[in-house]
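Asker: This is the structure I want to talk about, given as structure tokens.
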Amino acid sequence: MRHALRRILWIVPTLFVISLVAFGVLSLGAGWAPSRGVEDPSEHPLFGAHKPPRFLNPNPVSVRDLSLRAMQSVALDDEHAPAARLELVRLGGAALPHVLPALDSLDPKGRARVALGLAPLAKRMGVGTPEELSNAESAVVFWTRFWQDRAIEFRPAVVKRAVERLGQKSTTGRREDVRELDTYALPELISRMSPLEDDDDLKRVRRVTAVASQIAEQPWHVGKDDDLEEARRVARQWQHFWLEHHADYVTFDGAARVLAMVSETEYGRWAAEAAENGLGTTANGTPVSQVMRTRAPVTLWLVLVGLVGGYGVGIALGLAGAARARRPPDILTSATAVVLGALPVAALSTLVAPASIGVSRRLLGALLMVVASAAIVSRHQRAATRVALDQEYTRTARAFGAGPWRVAARSFRSSSVAVLSLLGVDLAGVLTTAFVVEHALGLGGLAAVTLRAVEAHDVAWLMALAISLAALLALCQIVSDSLLSVLDPRVRIAMARKRGAVE
Amino acid sequence: MNRFSRTPSRLALLALSLLVLTAVFADMIASESPIVARYHGQLLFLPAVAHPEKLGPLRGQALEDDIARDGWALWAPIRSGPHTPAAVGPFARASAEHWLGTDAQAHDIVAVTIHGARTLVLTTVAVLVIAVGLGFVFGTLAGQGTPLPDSLLSRAVELTGALPTLVLIALLRAGGLVPSFVAFVGVLGALRTVEIARLVRGEVLRVGGTDYVLAARALGQSTRGIIRHHLFPHVLGPVLVSAAFTAASVVALESALDFVGLGLPRDVPSWGMLLGQVGSGIRLFGLLAPASAIVLTTLCLYVLADGIDDQISARGRAASRV
């Protein structure tokens, strides 16, 4: 028991390794694109969407690097300047603590260009007058003074307080407070979008999303008449947005920087998305967990029928065959078993598929599964029983007059061990068989989704499939090993000895 | 061993040799161009394979008439190839020209089946070379207690059971960096390498502890000599059995993968690809050829494996009796 528990705990690191390997394989080609990409304002090679490395990001890009790079470009007025101006405005308030103190280091011309470029941002924040901002000289003066006055407000504690007050009650003043912080307030705004349980939460989220959509220039906000369900959907959209874009609005310092080395990667983003909403979202926008719920039962049913029915029929046939070895019925059944075992399920399904008109296709699928796995099991069982019948104690029993059936049945416990030890290994094969049967009969289980996912390069689905199947296989292996140790005392002793040696 | 179990394995071996011969000479059995031809004063051997440009622009009946006017040709017994669409179009009925009809791409089913044998034999040989070669090396190293290969092998054994082959190949296909043939051969080769390495390791451990190996070592025989003279003969039988099962699993998996459409590209002739067209309007009668080819091949491989297995256990029993 303790052994089994320990092995169950070991599944977790195993799954982690498998997810790493599977992700590596999947991203060999195209890499992971976020499933519901949020349109970036600037589709520019230097600014806007940037593709993080696959597994390790030695130098995670944050708002500091982005804003300084954009500022340099605007100041020099090079060929990237138009995109850089857009980028500066998109980064917004979060960029100001990095841009404004650096203004002094620029030459007067560059300073003027940056100050003018920030004008749309000032408009969004609701500060300054158009006259002030349209003139190069006064714009520089305005931003310098702005930073002298307001630097103290661009601090986490101030933001927290402002957003909290906004959440409690939405007055013009409170809205202005948050608006003047612009994107610097986004982390706090997003975190105030949950929890979302009752009407008070709904009101809070409505106030917060209204300001957030203004700041980030995204359409998602909760309307006056929207209910909880709609609000949850909006909040999810924001969280998804944040998952993809948070690096554009926060800086990574200290421990956060170390964490970002891992999390600001393709794998890290996939993992974050997977952890947040049940293994992620498929390419066409349906959550993976929902597709799994509707599709998995079909496949699992086939697998279960294949295992239970296949092993039941196979063991019975094997025992019977060994008991009547070398007589016509045995030769017949073992010949059939050889042929059926040799009959790859693709061929079998093809030949049977047209017969499915009339018969329930599910039933036919189950039958195919049983036949496919029983054929192999019966061969193993027959061989194992033959070995058991060759033992001296069974020969003694025969000599004392026990019938062949009785002897074969009594040998079951020793002969079934070999077959049951196959169970864990066999499951992988049975799963492949189930995929083929499903495909042949058009049952619409996991196979259909997976084949489409391969075509569409749907990383989220394939990762989810790989991980859940690996977990299933590992669990089945543990169950089969436990069964084995119940049936065979020698295995139990060997395990106990091994454990003793380890501890 | 008694003659009872030898006859079937000999028959199986014969049938498999026929399959390999079919694969090798597929272009001479089913092809729309001649095997040997004297055409425009040149003697051409397998012009479709060797130098298609010398045949000129003519094809089919027009080519035949042209050759008949000036020279001679020896034609393949089945006058259609797996890549040229037949004149009768897709899903044709069986006829004198196309014995089993045509498939979705209007290719002659008999020709595709014959050339499918070549695809299958090629993949099987590739997998076997990888699996037996690497498996033998790894197994021997691990069996001698070299720590790195040994621990690598046990990790690999755990990993190979972790995912169904089909899902592994689906992952590789979706990754899209490697061609499907490489993905298939790579995955299957790796899986079977682990299997054979485990087998060899066990055998090496067993034989390595016997008195005669100790004696040989005491007499100063080199490790290489011990491997060649004492280990190799013991390992050979089980490895052969495993190789036969490997080949059988290649047949089963290749047909399954081509069947669901995760296998080789559509234009490569293969048995599974033909079977996969089942719902598309292809005549079931035509599918008998690839289906029975798959069944017979697998059956032969199983019988062969059983035969070798019997031979080994007979030898073992005889040895233990002495």
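Starting from 1 in every chain, residues are counted up; chains themselves are A, B, ... following the order of the structure tokens, and ligands are numbered from 1 as listed.
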Using only C-alpha atoms, select each residue of chain B with any atom at most 6 Å away from an atom of chain A, and give the selection as a list of chain:residue names.

Answerer: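 Only these qualify: B:Ala162, B:Leu163, B:Pro164, B:Leu166, B:Ala174, B:Gly175, B:Gly176, B:Leu177, B:Ala252, B:Ala256, B:Ala291, B:Val295, B:Thr298, B:Leu299.
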
Asker: Convert the current residue selection to file output with N, CA and C atoms, as a compact mmCIF listing (two decimals), in the first residue's frame.

Answerer:
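What ended up in result-v9.txt:
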```txt
# COMPACT_ATOMS: atom_id res chain seq x y z
N ALA B 162 5.25 5.07 -21.26
CA ALA B 162 4.50 6.21 -20.75
C ALA B 162 3.43 6.72 -21.71
N LEU B 163 3.62 6.51 -23.01
CA LEU B 163 2.65 7.04 -23.97
C LEU B 163 2.39 6.01 -25.06
N PRO B 164 1.16 5.95 -25.57
CA PRO B 164 0.90 5.07 -26.71
C PRO B 164 1.71 5.55 -27.93
N LEU B 166 0.93 5.70 -30.95
CA LEU B 166 0.17 6.55 -31.85
C LEU B 166 0.22 8.01 -31.41
N ALA B 174 2.69 16.69 -35.44
CA ALA B 174 2.21 18.05 -35.21
C ALA B 174 3.38 19.01 -35.09
N GLY B 175 4.49 18.52 -34.50
CA GLY B 175 5.69 19.35 -34.43
C GLY B 175 6.14 19.75 -35.81
N GLY B 176 6.01 18.80 -36.76
CA GLY B 176 6.15 19.14 -38.17
C GLY B 176 7.57 19.37 -38.64
N LEU B 177 8.57 19.07 -37.81
CA LEU B 177 9.92 19.34 -38.28
C LEU B 177 10.49 18.15 -39.05
N ALA B 252 1.66 -3.94 -38.28
CA ALA B 252 0.40 -3.54 -37.65
C ALA B 252 0.33 -2.03 -37.49
N ALA B 256 -2.04 0.72 -39.26
CA ALA B 256 -2.95 1.49 -38.41
C ALA B 256 -2.75 2.99 -38.62
N ALA B 291 -5.88 -6.06 -47.34
CA ALA B 291 -6.23 -6.64 -46.03
C ALA B 291 -5.61 -8.01 -45.88
N VAL B 295 -2.74 -9.39 -43.22
CA VAL B 295 -2.98 -10.54 -42.34
C VAL B 295 -1.95 -11.62 -42.59
N THR B 298 1.58 -10.66 -41.23
CA THR B 298 1.68 -10.74 -39.78
C THR B 298 1.64 -12.19 -39.33
N LEU B 299 0.77 -12.95 -39.93
CA LEU B 299 0.64 -14.36 -39.57
C LEU B 299 1.97 -15.07 -39.77
```

Asker: Taking the DSSP assignment computed from this structure's backbone, write out as JSON, numbers by chain all residues of stretch 86-178 of chain B that belong to helix (DSSP H, G or I).

Answerer: {"B": [109, 110, 111, 112, 113, 114, 115, 116, 117, 118, 119, 120, 121, 122, 123, 124, 125, 126, 127, 128, 129, 130, 131, 132, 133, 134, 135, 136, 137, 138, 139, 140, 141, 142, 143, 147, 148, 149, 150, 151, 152, 153, 154, 155, 156, 157, 158, 159, 160, 165, 166, 167, 168, 169, 170, 171, 172, 173, 174, 175]}

Asker: Any idea what the distance is between atom CA of A:Ala210 and atom CA of A:Ser67?

Answerer: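 Between these atoms lies a distance of 25.5 Å.
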
Asker: At a cut-off of 7 Å, using only C-alpha atoms, what residues contact stretch 204-220 of chain B? Leave out same-chain residues fewer than 4 positions from it and give the result as a PyMOL selection string.

Answerer: chain B and resi 140+143+200+230-231

Asker: Between atom CA of B:Val250 and atom CA of B:Ile130, measure the distance and give it in Å to one decimal.

Answerer: 12.8 Å

Asker: Could you check how far atom CA of A:Gly310 sits from atom CA of A:Val419, in Å to one decimal?

Answerer: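 So the answer is 11.6 Å.
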
Asker: Compile the contact shell of A:Val63 as number ranges by chain: residues with an atom at most 9 Å away, counting only C-alpha atoms, same-chain residues fewer than 5 positions apart removed.

Answerer: A: 68, 91, 94-95, 98, 246-252

Asker: Store the residues of this selection in a file with N, CA and C atoms, as a CSV table (one decimal), in the first residue's frame.

Answerer:
```csv
chain,number,residue,atom,x,y,z
A,68,LEU,N,12.3,51.8,-22.7
A,68,LEU,CA,13.6,52.5,-23.0
A,68,LEU,C,14.0,52.4,-24.4
A,91,LEU,N,2.3,51.1,-23.9
A,91,LEU,CA,2.9,50.8,-22.6
A,91,LEU,C,2.3,51.7,-21.5
A,94,ALA,N,2.7,52.6,-17.1
A,94,ALA,CA,3.8,51.7,-16.6
A,94,ALA,C,5.1,52.1,-17.1
A,95,ALA,N,5.2,52.7,-18.3
A,95,ALA,CA,6.5,53.1,-18.8
A,95,ALA,C,7.0,54.4,-18.3
A,98,HIS,N,10.1,54.8,-16.1
A,98,HIS,CA,11.4,54.5,-16.7
A,98,HIS,C,11.7,55.6,-17.7
A,246,HIS,N,1.4,40.6,-19.5
A,246,HIS,CA,1.8,41.2,-18.3
A,246,HIS,C,3.2,41.7,-18.3
A,247,ALA,N,4.1,41.1,-19.1
A,247,ALA,CA,5.5,41.5,-19.2
A,247,ALA,C,5.6,42.9,-19.7
A,248,ASP,N,4.5,43.4,-20.4
A,248,ASP,CA,4.6,44.7,-21.0
A,248,ASP,C,4.3,45.8,-20.0
A,249,TYR,N,3.8,45.4,-18.8
A,249,TYR,CA,3.4,46.4,-17.8
A,249,TYR,C,4.0,46.3,-16.5
A,250,VAL,N,4.8,45.3,-16.3
A,250,VAL,CA,5.5,45.2,-14.9
A,250,VAL,C,7.0,45.0,-15.2
A,251,THR,N,7.7,45.3,-14.1
A,251,THR,CA,9.2,45.1,-14.2
A,251,THR,C,9.5,43.8,-13.3
A,252,PHE,N,10.5,43.2,-13.7
A,252,PHE,CA,11.0,42.0,-12.9
A,252,PHE,C,12.2,42.4,-12.1
```

Asker: Would you kindly return, as a PyMOL selection string, each protein, DNA or RNA residue with an atom no farther than 12 Å from any atom of stretch 10-26 of chain B, considering only C-alpha atoms and excluding same-chain residues fewer than 4 positions away?

Answerer: chain B and resi 3-6+30-32+35+46+49+76-82+110-125+244+247-248+269-270+293-294+296-308

Asker: Please provide the set of residues having any atom within 12 Å of A:Pro156, restricted to only C-alpha atoms, with same-chain residues fewer than 2 positions apart removed, written as a VMD selection string.

Answerer: chain A and resid 94 151 to 154 158 to 163 181 184 to 189 250

Asker: Pull all heavy atoms from the residues just selected and write them as a short mmCIF file (atom, residue, chain, number, x, y, z; two decimals), in the first residue's frame.

Answerer:
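Below is the file result_33.cif, written as the result:
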```
data_model
loop_
_atom_site.label_atom_id
_atom_site.label_comp_id
_atom_site.auth_asym_id
_atom_site.auth_seq_id
_atom_site.Cartn_x
_atom_site.Cartn_y
_atom_site.Cartn_z
N ALA A 94 2.74 52.62 -17.13
CA ALA A 94 3.75 51.72 -16.58
C ALA A 94 5.13 52.09 -17.10
O ALA A 94 6.14 51.81 -16.46
CB ALA A 94 3.43 50.28 -16.95
N ALA A 151 5.67 61.63 -9.11
CA ALA A 151 6.51 60.43 -8.95
C ALA A 151 6.09 59.65 -7.73
O ALA A 151 6.08 58.41 -7.74
CB ALA A 151 7.98 60.84 -8.85
N ILE A 152 5.69 60.36 -6.73
CA ILE A 152 5.34 59.70 -5.46
C ILE A 152 4.10 58.83 -5.58
O ILE A 152 3.89 57.91 -4.80
CB ILE A 152 5.18 60.79 -4.37
CG1 ILE A 152 5.30 60.14 -2.99
CG2 ILE A 152 3.87 61.52 -4.51
CD1 ILE A 152 5.96 61.05 -2.02
N GLU A 153 3.26 59.14 -6.60
CA GLU A 153 2.04 58.34 -6.75
C GLU A 153 2.29 57.03 -7.48
O GLU A 153 1.48 56.11 -7.40
CB GLU A 153 1.00 59.16 -7.54
CG GLU A 153 0.39 60.24 -6.68
CD GLU A 153 -0.56 61.10 -7.47
OE1 GLU A 153 -1.11 60.60 -8.48
OE2 GLU A 153 -0.73 62.26 -7.09
N PHE A 154 3.39 56.96 -8.24
CA PHE A 154 3.66 55.72 -8.96
C PHE A 154 4.37 54.72 -8.06
O PHE A 154 5.53 54.37 -8.24
CB PHE A 154 4.49 56.03 -10.23
CG PHE A 154 3.65 56.60 -11.32
CD1 PHE A 154 3.29 57.95 -11.32
CD2 PHE A 154 3.21 55.79 -12.35
CE1 PHE A 154 2.50 58.48 -12.32
CE2 PHE A 154 2.42 56.31 -13.36
CZ PHE A 154 2.07 57.65 -13.35
N VAL A 158 0.25 53.13 -3.24
CA VAL A 158 -0.71 54.16 -3.67
C VAL A 158 -1.71 53.56 -4.65
O VAL A 158 -2.92 53.78 -4.56
CB VAL A 158 0.06 55.33 -4.33
CG1 VAL A 158 -0.92 56.39 -4.79
CG2 VAL A 158 1.08 55.90 -3.37
N VAL A 159 -1.18 52.76 -5.59
CA VAL A 159 -2.05 52.16 -6.59
C VAL A 159 -3.07 51.25 -5.92
O VAL A 159 -4.27 51.28 -6.23
CB VAL A 159 -1.20 51.33 -7.59
CG1 VAL A 159 -2.10 50.67 -8.60
CG2 VAL A 159 -0.18 52.20 -8.24
N LYS A 160 -2.60 50.48 -4.96
CA LYS A 160 -3.48 49.55 -4.29
C LYS A 160 -4.65 50.29 -3.63
O LYS A 160 -5.81 49.92 -3.79
CB LYS A 160 -2.67 48.80 -3.22
CG LYS A 160 -3.34 47.57 -2.67
CD LYS A 160 -2.32 46.70 -1.95
CE LYS A 160 -2.89 45.37 -1.60
NZ LYS A 160 -3.65 45.21 -0.48
N ARG A 161 -4.30 51.35 -2.97
CA ARG A 161 -5.32 52.14 -2.27
C ARG A 161 -6.31 52.72 -3.28
O ARG A 161 -7.52 52.64 -3.09
CB ARG A 161 -4.59 53.26 -1.49
CG ARG A 161 -5.52 54.16 -0.70
CD ARG A 161 -5.90 53.51 0.63
NE ARG A 161 -7.04 54.23 1.19
CZ ARG A 161 -8.24 53.69 1.37
NH1 ARG A 161 -8.46 52.42 1.06
NH2 ARG A 161 -9.22 54.40 1.88
N ALA A 162 -5.78 53.29 -4.38
CA ALA A 162 -6.64 53.93 -5.37
C ALA A 162 -7.61 52.93 -5.98
O ALA A 162 -8.81 53.21 -6.11
CB ALA A 162 -5.79 54.57 -6.47
N VAL A 163 -7.11 51.77 -6.33
CA VAL A 163 -7.97 50.77 -6.97
C VAL A 163 -8.98 50.23 -5.97
O VAL A 163 -10.14 49.97 -6.31
CB VAL A 163 -7.12 49.64 -7.59
CG1 VAL A 163 -8.00 48.55 -8.14
CG2 VAL A 163 -6.22 50.19 -8.67
N LEU A 181 -3.02 57.10 -13.22
CA LEU A 181 -1.91 56.13 -13.10
C LEU A 181 -1.77 55.30 -14.36
O LEU A 181 -0.75 54.66 -14.60
CB LEU A 181 -2.14 55.22 -11.90
CG LEU A 181 -2.04 55.92 -10.55
CD1 LEU A 181 -2.62 55.05 -9.46
CD2 LEU A 181 -0.60 56.25 -10.26
N TYR A 184 -0.04 51.68 -15.20
CA TYR A 184 0.66 51.32 -13.97
C TYR A 184 -0.30 50.66 -12.99
O TYR A 184 0.11 49.88 -12.13
CB TYR A 184 1.28 52.58 -13.34
CG TYR A 184 2.28 52.29 -12.27
CD1 TYR A 184 3.56 51.87 -12.60
CD2 TYR A 184 1.95 52.40 -10.93
CE1 TYR A 184 4.48 51.57 -11.63
CE2 TYR A 184 2.87 52.11 -9.93
CZ TYR A 184 4.14 51.69 -10.30
OH TYR A 184 5.04 51.39 -9.33
N ALA A 185 -1.59 50.96 -13.13
CA ALA A 185 -2.59 50.40 -12.22
C ALA A 185 -3.12 49.05 -12.69
O ALA A 185 -3.89 48.39 -11.98
CB ALA A 185 -3.74 51.38 -12.04
N LEU A 186 -2.72 48.62 -13.91
CA LEU A 186 -3.33 47.39 -14.47
C LEU A 186 -3.16 46.15 -13.59
O LEU A 186 -4.14 45.41 -13.38
CB LEU A 186 -2.77 47.11 -15.87
CG LEU A 186 -3.58 47.64 -17.05
CD1 LEU A 186 -2.95 47.20 -18.34
CD2 LEU A 186 -5.02 47.17 -17.00
N PRO A 187 -1.96 45.87 -13.06
CA PRO A 187 -1.83 44.65 -12.25
C PRO A 187 -2.85 44.61 -11.11
O PRO A 187 -3.50 43.59 -10.88
CB PRO A 187 -0.40 44.73 -11.70
CG PRO A 187 0.31 45.74 -12.51
CD PRO A 187 -0.69 46.60 -13.17
N GLU A 188 -3.00 45.79 -10.46
CA GLU A 188 -3.93 45.86 -9.34
C GLU A 188 -5.37 45.71 -9.84
O GLU A 188 -6.19 45.01 -9.24
CB GLU A 188 -3.72 47.21 -8.63
CG GLU A 188 -4.25 47.26 -7.23
CD GLU A 188 -3.70 46.16 -6.35
OE1 GLU A 188 -2.48 45.85 -6.43
OE2 GLU A 188 -4.49 45.60 -5.59
N LEU A 189 -5.69 46.35 -10.96
CA LEU A 189 -7.05 46.27 -11.52
C LEU A 189 -7.40 44.82 -11.84
O LEU A 189 -8.49 44.35 -11.52
CB LEU A 189 -7.14 47.11 -12.79
CG LEU A 189 -7.24 48.63 -12.60
CD1 LEU A 189 -7.09 49.34 -13.93
CD2 LEU A 189 -8.56 49.01 -11.94
N VAL A 250 4.83 45.26 -16.25
CA VAL A 250 5.48 45.15 -14.95
C VAL A 250 6.98 44.96 -15.16
O VAL A 250 7.42 44.53 -16.22
CB VAL A 250 4.93 43.97 -14.11
CG1 VAL A 250 3.49 44.21 -13.73
CG2 VAL A 250 5.08 42.68 -14.85
#
```
